[in-house]
$ cat my_file_28.txt   # compact mmCIF, C-alpha atoms
# COMPACT_ATOMS: atom_id res chain seq x y z
CA MET A 1241 22.94 -1.16 31.01
CA ARG A 1242 19.38 -0.54 32.16
CA ASP A 1243 16.37 -1.52 30.06
CA GLN A 1244 13.80 -0.12 32.48
CA GLY A 1245 13.31 3.60 32.97
CA PRO A 1246 16.51 5.05 31.43
CA LEU A 1247 17.36 8.62 32.36
CA ILE A 1248 16.39 11.07 29.64
CA ASP A 1249 19.45 12.79 28.15
CA ARG A 1250 18.04 16.16 27.10
CA LYS A 1251 21.22 16.89 25.10
CA PHE A 1252 21.12 13.58 23.23
CA ALA A 1253 20.80 15.21 19.80
CA SER A 1254 23.88 17.38 20.31
CA ARG A 1255 25.98 14.66 21.95
CA VAL A 1256 25.30 11.66 19.72
CA ASP A 1257 27.39 10.91 16.65
CA TRP A 1258 24.76 10.56 13.90
CA ASN A 1259 26.94 7.98 12.15
CA LEU A 1260 26.20 5.66 15.08
CA LEU A 1261 22.53 5.73 14.16
CA ARG A 1262 23.32 4.69 10.59
CA THR A 1263 25.58 1.89 11.86
CA PHE A 1264 22.76 0.69 14.12
CA VAL A 1265 20.42 0.51 11.11
CA ASP A 1266 23.04 -1.39 9.12
CA ILE A 1267 23.42 -3.96 11.94
CA VAL A 1268 19.65 -4.52 12.11
CA ARG A 1269 19.24 -4.78 8.35
CA ALA A 1270 22.23 -7.11 7.99
CA GLY A 1271 20.97 -9.31 10.81
CA GLY A 1272 24.10 -9.17 12.95
CA ILE A 1273 27.30 -7.35 13.83
CA GLY A 1274 29.54 -9.64 11.78
CA ALA A 1275 27.27 -9.42 8.74
CA ALA A 1276 27.19 -5.62 9.02
CA ALA A 1277 30.98 -5.49 9.25
CA ARG A 1278 31.32 -7.54 6.06
CA LYS A 1279 28.73 -5.40 4.27
CA LEU A 1280 30.41 -2.15 5.31
CA ASN A 1281 33.96 -3.53 4.81
CA ARG A 1282 34.87 -2.64 8.40
CA GLN A 1283 36.35 -4.56 11.31
CA GLN A 1284 33.84 -6.29 13.57
CA PRO A 1285 35.26 -4.71 16.79
CA SER A 1286 34.64 -1.22 15.38
CA ILE A 1287 30.99 -2.10 14.67
CA SER A 1288 30.59 -3.53 18.18
CA ALA A 1289 32.17 -0.41 19.68
CA ALA A 1290 29.82 1.84 17.69
CA LEU A 1291 26.81 -0.08 18.99
CA LYS A 1292 28.12 0.16 22.55
CA ARG A 1293 28.57 3.95 22.27
CA LEU A 1294 25.04 4.37 20.92
CA GLU A 1295 23.62 2.27 23.76
CA GLU A 1296 25.51 4.43 26.23
CA HIS A 1297 23.99 7.55 24.69
CA ALA A 1298 20.51 5.97 24.72
CA GLY A 1299 20.88 4.60 28.26
CA ALA A 1300 19.40 1.26 27.22
CA THR A 1301 20.33 -2.02 25.55
CA LEU A 1302 19.22 -1.85 21.91
CA LEU A 1303 20.25 -5.27 20.59
CA ARG A 1304 20.75 -8.70 22.11
CA ARG A 1305 23.00 -11.29 20.47
CA THR A 1306 21.35 -14.57 19.55
CA ALA A 1307 22.50 -17.83 18.00
CA THR A 1308 21.48 -16.53 14.58
CA GLY A 1309 22.52 -12.88 14.90
CA VAL A 1310 20.84 -10.12 16.91
CA GLU A 1311 17.32 -9.24 18.01
CA MET A 1312 16.00 -5.82 18.93
CA THR A 1313 14.86 -5.02 22.45
CA ALA A 1314 11.82 -2.79 22.98
CA ALA A 1315 14.21 0.17 23.09
CA GLY A 1316 15.89 -1.07 19.92
CA LYS A 1317 12.57 -1.27 18.06
CA ALA A 1318 11.77 2.29 19.09
CA MET A 1319 15.23 3.43 17.98
CA MET A 1320 14.89 1.63 14.63
CA ALA A 1321 11.54 3.24 13.87
CA LEU A 1322 13.00 6.68 14.59
CA CYS A 1323 16.13 5.99 12.55
CA GLU A 1324 14.08 4.90 9.55
CA ASP A 1325 12.06 8.13 9.77
CA MET A 1326 15.29 10.14 9.90
CA LEU A 1327 16.77 8.31 6.91
CA GLU A 1328 13.58 8.94 4.94
CA SER A 1329 13.76 12.63 5.87
CA ALA A 1330 17.38 12.74 4.74
CA ARG A 1331 16.46 11.14 1.42
CA MET A 1332 13.70 13.74 0.99
CA MET A 1333 15.96 16.77 1.57
CA PRO A 1334 17.18 17.28 -2.04
CA HIS A 1335 13.67 16.64 -3.37
CA GLN A 1336 12.06 19.12 -0.98
CA ILE A 1337 14.76 21.72 -1.72
CA ALA A 1338 14.11 21.30 -5.45
CA GLN A 1339 10.40 21.72 -4.81
CA ALA A 1340 10.98 24.84 -2.67
CA THR A 1341 13.06 26.45 -5.41
CA ARG A 1342 10.41 25.54 -8.01
CA ARG A 1343 12.82 23.57 -10.17
CA VAL A 1344 10.87 20.32 -10.26
CA GLU A 1345 9.88 18.97 -13.65
CA GLY A 1346 9.41 15.46 -15.00
CA TYR A 1347 6.90 12.65 -15.01
CA VAL A 1348 5.09 10.56 -12.45
CA ARG A 1349 3.76 7.35 -13.98
CA ILE A 1350 1.04 5.70 -11.92
CA GLN A 1351 -0.73 2.41 -12.62
CA ILE A 1352 -3.91 1.58 -10.71
CA VAL A 1353 -6.66 -1.00 -10.59
CA SER A 1354 -9.96 -0.05 -12.19
CA GLY A 1355 -12.88 1.17 -10.11
CA LEU A 1356 -10.60 2.65 -7.43
CA VAL A 1357 -12.39 5.04 -5.05
CA SER A 1358 -10.07 6.76 -2.56
CA PRO A 1359 -10.61 10.39 -1.50
CA GLU A 1360 -7.14 10.42 0.11
CA PHE A 1361 -5.48 9.34 -3.13
CA ASP A 1362 -7.49 11.88 -5.14
CA GLU A 1363 -6.59 14.67 -2.70
CA ALA A 1364 -2.94 13.69 -2.91
CA ILE A 1365 -3.00 14.05 -6.70
CA ALA A 1366 -4.75 17.43 -6.48
CA SER A 1367 -2.39 18.74 -3.78
CA PHE A 1368 0.67 17.41 -5.61
CA HIS A 1369 -0.37 19.18 -8.82
CA ARG A 1370 -0.93 22.47 -6.99
CA ARG A 1371 2.58 22.26 -5.51
CA ASN A 1372 4.23 20.97 -8.71
CA PRO A 1373 2.33 22.24 -11.77
CA ASP A 1374 5.23 21.44 -14.13
CA ILE A 1375 5.22 17.72 -13.36
CA HIS A 1376 3.27 15.60 -15.84
CA ILE A 1377 1.04 12.97 -14.17
CA GLU A 1378 0.28 9.86 -16.21
CA VAL A 1379 -2.31 7.38 -14.92
CA ARG A 1380 -2.81 3.92 -16.42
CA VAL A 1381 -5.55 1.44 -15.50
CA SER A 1382 -5.04 -2.31 -15.63
CA PRO A 1383 -5.87 -5.62 -13.86
CA TRP A 1384 -4.14 -5.93 -10.48
CA ARG A 1385 -1.50 -8.44 -11.55
CA GLN A 1386 -0.42 -6.17 -14.41
CA VAL A 1387 0.04 -3.30 -11.93
CA LEU A 1388 2.53 -5.41 -9.95
CA ASP A 1389 4.35 -6.58 -13.08
CA ALA A 1390 4.62 -3.04 -14.46
CA LEU A 1391 6.20 -1.85 -11.21
CA GLU A 1392 8.73 -4.69 -11.09
CA GLN A 1393 9.68 -4.13 -14.73
CA GLY A 1394 10.14 -0.38 -14.23
CA GLU A 1395 7.35 0.63 -16.60
CA VAL A 1396 5.77 2.82 -13.89
CA GLU A 1397 7.00 4.29 -10.60
CA ILE A 1398 3.86 4.18 -8.43
CA GLY A 1399 1.10 1.59 -8.24
CA VAL A 1400 -2.21 1.15 -6.43
CA SER A 1401 -3.30 -2.46 -6.30
CA TYR A 1402 -4.31 -5.56 -4.42
CA ASP A 1403 -1.73 -8.33 -3.96
CA SER A 1404 -2.36 -11.91 -2.86
CA ASN A 1405 1.30 -12.36 -1.84
CA VAL A 1406 4.27 -10.18 -0.93
CA ARG A 1407 6.89 -9.41 -3.57
CA GLY A 1408 10.28 -8.63 -2.06
CA SER A 1409 11.03 -6.14 -4.82
CA LEU A 1410 8.07 -3.93 -3.86
CA LYS A 1411 7.31 -1.60 -0.97
CA TYR A 1412 3.74 -1.85 0.38
CA GLU A 1413 1.87 0.95 2.15
CA PRO A 1414 -1.77 0.14 3.10
CA LEU A 1415 -4.03 2.68 1.41
CA LEU A 1416 -7.54 1.41 2.13
CA VAL A 1417 -9.62 -1.66 2.90
CA GLU A 1418 -11.88 -2.39 -0.06
CA ARG A 1419 -15.10 -4.40 0.30
CA GLN A 1420 -17.03 -6.12 -2.45
CA GLN A 1421 -20.68 -6.99 -2.78
CA LEU A 1422 -22.66 -9.22 -5.11
CA TYR A 1423 -25.03 -7.17 -7.28
CA CYS A 1424 -27.99 -7.75 -9.53
CA SER A 1425 -30.01 -5.39 -11.69
CA ARG A 1426 -33.65 -4.36 -11.37
CA SER A 1427 -34.53 -6.77 -14.20
CA THR A 1428 -33.67 -9.87 -12.14
CA PRO A 1429 -36.06 -11.67 -9.73
CA TRP A 1430 -33.44 -11.26 -6.95
CA PHE A 1431 -33.82 -7.47 -6.89
CA GLY A 1432 -34.91 -6.39 -3.40
CA HIS A 1433 -33.93 -9.70 -1.76
CA HIS A 1434 -30.86 -10.87 0.18
CA VAL A 1435 -29.34 -14.33 -0.06
CA THR A 1436 -27.98 -16.29 2.89
CA ARG A 1437 -26.50 -19.18 0.90
CA LEU A 1438 -24.36 -18.33 -2.09
CA SER A 1439 -24.80 -21.85 -3.42
CA ASP A 1440 -28.44 -20.96 -4.17
CA LEU A 1441 -27.08 -18.79 -7.00
CA LYS A 1442 -25.05 -21.46 -8.78
CA ASP A 1443 -27.42 -21.52 -11.78
CA GLU A 1444 -27.47 -17.74 -12.23
CA HIS A 1445 -25.86 -16.06 -15.23
CA PHE A 1446 -22.68 -14.34 -14.10
CA VAL A 1447 -20.51 -11.38 -15.15
CA LEU A 1448 -16.81 -11.99 -14.50
CA THR A 1449 -13.92 -9.53 -14.35
CA GLY A 1450 -11.31 -11.91 -15.80
CA GLU A 1451 -7.73 -11.13 -14.77
CA ASP A 1452 -8.95 -8.27 -12.60
CA GLU A 1453 -10.85 -10.63 -10.30
CA ILE A 1454 -9.44 -10.57 -6.77
CA GLU A 1455 -8.27 -14.05 -5.69
CA LEU A 1456 -10.38 -13.83 -2.53
CA ILE A 1457 -13.47 -13.29 -4.69
CA ALA A 1458 -12.50 -16.01 -7.17
CA ASN A 1459 -12.08 -18.56 -4.36
CA LEU A 1460 -15.38 -17.54 -2.74
CA ARG A 1461 -17.16 -17.83 -6.07
CA ARG A 1462 -15.69 -21.23 -6.94
CA ARG A 1463 -16.38 -22.71 -3.50
CA ASN A 1464 -20.07 -21.94 -4.00
CA GLY A 1465 -20.29 -22.92 -7.67
CA LEU A 1466 -20.88 -19.38 -8.93
CA GLY A 1467 -19.90 -18.38 -12.44
CA THR A 1468 -20.47 -21.72 -14.14
CA LYS A 1469 -22.82 -19.86 -16.50
CA VAL A 1470 -20.72 -16.94 -17.73
CA SER A 1471 -22.84 -14.45 -19.66
CA GLY A 1472 -20.51 -11.45 -19.51
CA LEU A 1473 -16.81 -10.65 -19.15
CA ALA A 1474 -15.08 -7.30 -18.68
CA GLU A 1475 -11.53 -6.73 -17.43
CA ASP A 1476 -12.46 -3.21 -16.30
CA ILE A 1477 -14.64 -2.87 -13.17
CA ASN A 1478 -16.60 0.01 -14.70
CA GLU A 1479 -17.50 -2.06 -17.77
CA ALA A 1480 -18.40 -5.08 -15.63
CA GLN A 1481 -20.68 -2.78 -13.66
CA ARG A 1482 -22.30 -1.67 -16.90
CA LEU A 1483 -23.05 -5.29 -17.88
CA ILE A 1484 -24.52 -6.08 -14.46
CA ARG A 1485 -26.62 -2.89 -14.55
CA LEU A 1486 -27.95 -3.90 -17.99
CA GLY A 1487 -29.09 -7.28 -16.67
CA VAL A 1488 -26.49 -9.42 -18.46
CA GLY A 1489 -25.82 -11.26 -15.19
CA ILE A 1490 -25.07 -10.90 -11.50
CA GLY A 1491 -21.54 -10.17 -10.33
CA PHE A 1492 -19.14 -8.88 -7.67
CA LEU A 1493 -18.13 -5.20 -7.60
CA PRO A 1494 -16.32 -2.92 -5.13
CA ILE A 1495 -18.95 -1.31 -2.91
CA LEU A 1496 -17.76 2.27 -3.35
CA ALA A 1497 -17.64 1.89 -7.12
CA ALA A 1498 -21.27 0.69 -7.19
CA GLU A 1499 -22.54 3.18 -4.58
CA GLU A 1500 -24.17 5.61 -7.02
CA ASP A 1501 -25.99 2.88 -8.96
CA VAL A 1502 -27.32 1.43 -5.71
CA ALA A 1503 -28.52 4.85 -4.53
CA LYS A 1504 -30.36 5.36 -7.85
CA GLY A 1505 -31.99 1.92 -7.67
CA ARG A 1506 -30.14 0.51 -10.68
CA LEU A 1507 -28.24 -2.15 -8.72
CA TRP A 1508 -29.18 -4.22 -5.67
CA PRO A 1509 -26.68 -5.62 -3.11
CA MET A 1510 -27.61 -9.29 -2.69
CA LEU A 1511 -25.47 -10.14 0.38
CA TYR A 1512 -25.96 -9.05 3.96
CA ALA A 1513 -23.29 -6.58 5.09
CA ASP A 1514 -21.56 -9.06 7.41
CA ALA A 1515 -20.97 -11.41 4.46
CA GLU A 1516 -19.16 -8.86 2.30
CA PRO A 1517 -15.57 -9.98 1.49
CA SER A 1518 -12.83 -7.40 2.16
CA TYR A 1519 -9.11 -7.04 1.39
CA ASP A 1520 -6.31 -4.45 1.48
CA ILE A 1521 -5.46 -2.11 -1.37
CA TYR A 1522 -1.85 -0.88 -1.27
CA LEU A 1523 0.15 2.07 -2.45
CA LEU A 1524 3.16 0.44 -4.10
CA ALA A 1525 6.63 1.34 -5.28
CA ARG A 1526 9.88 -0.49 -5.89
CA THR A 1527 11.97 -1.01 -2.76
CA ASP A 1528 14.91 0.75 -4.43
CA PRO A 1529 14.88 4.14 -2.65
CA SER A 1530 16.67 6.01 -5.44
CA ARG A 1531 13.52 7.49 -6.95
CA ASP A 1532 13.61 10.64 -9.05
CA THR A 1533 12.43 13.85 -7.42
CA ALA A 1534 8.96 13.89 -9.03
CA THR A 1535 8.21 10.33 -7.93
CA GLN A 1536 9.60 10.81 -4.43
CA LEU A 1537 7.55 13.96 -3.89
CA PHE A 1538 4.38 12.20 -5.01
CA TRP A 1539 5.04 9.18 -2.77
CA ASP A 1540 5.64 11.52 0.16
CA GLU A 1541 2.39 13.40 -0.53
CA VAL A 1542 0.25 10.27 -0.54
CA PHE A 1543 2.11 8.69 2.38
CA ARG A 1544 1.66 11.85 4.49
CA ARG A 1545 -2.08 11.91 3.83
CA VAL A 1546 -2.56 8.21 4.50
CA ARG A 1547 -0.61 8.49 7.77
CA ALA A 1548 -2.71 11.51 8.82
CA MET A 1549 -5.88 9.59 8.02
CA ARG A 1550 -4.81 6.71 10.27
CA ALA A 1551 -4.04 9.09 13.11
CA THR A 1552 -7.59 10.51 13.15
$ encode --input "my_file_28.txt" --output "structure tokens"
Amino acid sequence: MRDQGPLIDRKFASRVDWNLLRTFVDIVRAGGIGAAARKLNRQQPSISAALKRLEEHAGATLLRRTATGVEMTAAGKAMMALCEDMLESARMMPHQIAQATRRVEGYVRIQIVSGLVSPEFDEAIASFHRRNPDIHIEVRVSPWRQVLDALEQGEVEIGVSYDSNVRGSLKYEPLLVERQQLYCSRSTPWFGHHVTRLSDLKDEHFVLTGEDEIELIANLRRRNGLGTKVSGLAEDINEAQRLIRLGVGIGFLPILAAEEDVAKGRLWPMLYADAEPSYDIYLLARTDPSRDTATQLFWDEVFRRVRAMRAT
């Protein structure tokens, strides 16, 4: 077997047994040939032989045996990425056929964090509705932890949220990087000024977002003694923004959510741009791939747009 510069088999697609590709994926996901054989209820030699035939077709070693199982070579990683794309395309076939024949009805239940600003997500909803006018779209807004819980409990199919950890039951697709800023209203003496030390604000009245507060923001605030004087609380970002705008206290908000108020001179960003905390917002779904057609089509619409955005 050669790992460097394999000859390109221009008839690979017509020669290869597509079941070999699925077996390769099963070996990788199981973590070894023996584990895959047990999972598939097949004999280990037949799994090994299938891998060998695929490597012969590919002209490269795809997997190396290790003490704990197998590890992918560079060629194996490339093959795995392509196989996963093909499996996703295969899963999409009945959904796309249903869409093409205009037989798609049902519901898509989406739960998102408040104050979300994402042109790509908005365009996906608009495009999805144009393609599937008979599908009912339901959007709920809640604190970020409740988004994750609702997904795990099957109350909704799609989520958009922050997560401080990784839940094995959920699939994560990065949607955007959100930045926050500390704001004050025109009625405060800080309006028009930037702060270099957050600890200078420890005696200021503060507006908190309760359960919707991102852990990164909560830790930053506590390290600097901010929020000891709580004068306002709102679980929804838009309502917290209202309290800050009305001078109830200073507080953190997503930059895009506060953009209009800043432009109109109703809010002032107190931190320099290089001090703004940032974090990922994810498009989320359960890892179980057996989604209904309406949900799968919506996931595919958003995923396609996010992938196109990254490519530009």
$ closest_residue --input "my_file_28.txt" --among "A:Ala1525, A:Leu1280, A:Leu1422, A:Ala1270" --to "Ile1457 in chain A" --atoms "all atoms listed in the file"
A:Leu1422
$ residues_around --input "my_file_28.txt" --residues "range 1395-1410 of chain A" --least-positions-apart "2" --cutoff "8 Å" --atoms "only C-alpha atoms" --output "list of chain:residue names"
A:Val1348, A:Arg1349, A:Ile1350, A:Gln1351, A:Ile1352, A:Val1353, A:Trp1384, A:Arg1385, A:Val1387, A:Leu1388, A:Ala1390, A:Leu1391, A:Glu1392, A:Gln1393, A:Tyr1412, A:Ile1454, A:Glu1455, A:Tyr1519, A:Asp1520, A:Ile1521, A:Tyr1522, A:Leu1523, A:Leu1524, A:Ala1525, A:Arg1526, A:Thr1527, A:Asp1528, A:Thr1535, A:Trp1539
$ residues_around --input "my_file_28.txt" --residues "Val1546 in chain A" --least-positions-apart "2" --cutoff "9 Å" --atoms "all atoms listed in the file" --output "MDAnalysis selection string"
chainID A and resid 1360:1361 1413:1416 1541:1544 1548:1551
$ atom_distance --input "my_file_28.txt" --atom1 "CA of Thr1301 in chain A" --atom2 "CA of Gln1283 in chain A"
21.6 Å
$ residues_around --input "my_file_28.txt" --residues "Gly1472 in chain A" --least-positions-apart "3" --cutoff "8 Å" --atoms "only C-alpha atoms" --output "ChimeraX atom specification"
/A:1446-1448,1480,1483,1488-1489
$ residues_near_point --input "my_file_28.txt" --point "(-18.4, -17.2, 1.6)" --cutoff "12 Å" --atoms "only C-alpha atoms" --output "PyMOL selection string"
chain A and resi 1420-1422+1435-1439+1456-1466+1511-1512+1514-1518
$ residues_around --input "my_file_28.txt" --residues "Gly1309 in chain A" --least-positions-apart "4" --cutoff "10 Å" --atoms "all atoms listed in the file" --output "PyMOL selection string"
chain A and resi 1267-1268+1270-1275+1303-1305
$ closest_residue --input "my_file_28.txt" --among "A:Cys1424, A:Val1502, A:Ile1490, A:Leu1294" --to "Ala1315 in chain A" --atoms "all atoms listed in the file"
A:Leu1294
$ atom_distance --input "my_file_28.txt" --atom1 "CA of Glu1500 in chain A" --atom2 "CA of Glu1479 in chain A"
14.8 Å
$ closest_residue --input "my_file_28.txt" --among "A:Val1357, A:Ala1289, A:Leu1507, A:Val1265" --to "Lys1317 in chain A" --atoms "all atoms listed in the file"
A:Val1265
$ closest_residue --input "my_file_28.txt" --among "A:Leu1537, A:Leu1486, A:Leu1356, A:Ala1503" --to "Pro1383 in chain A" --atoms "all atoms listed in the file"
A:Leu1356
$ atom_distance --input "my_file_28.txt" --atom1 "CA of Asp1476 in chain A" --atom2 "CA of Pro1509 in chain A"
19.5 Å
$ closest_residue --input "my_file_28.txt" --among "A:Arg1370, A:Arg1419, A:Phe1492, A:Ser1382" --to "Glu1451 in chain A" --atoms "only C-alpha atoms"
A:Ser1382
$ closest_residue --input "my_file_28.txt" --among "A:Arg1282, A:Arg1482, A:Arg1262, A:His1376" --to "Gly1355 in chain A" --atoms "only C-alpha atoms"
A:Arg1482
$ residues_around --input "my_file_28.txt" --residues "Ser1427 in chain A" --least-positions-apart "2" --cutoff "7 Å" --atoms "only C-alpha atoms" --output "PDB file with C-alpha atoms, in the frame of the given file"
ATOM      1  CA  SER A1425     -30.010  -5.390 -11.690  1.00  0.00           C
ATOM      2  CA  PRO A1429     -36.060 -11.670  -9.730  1.00  0.00           C
ATOM      3  CA  GLY A1487     -29.090  -7.280 -16.670  1.00  0.00           C
TER       4      GLY A1487
END
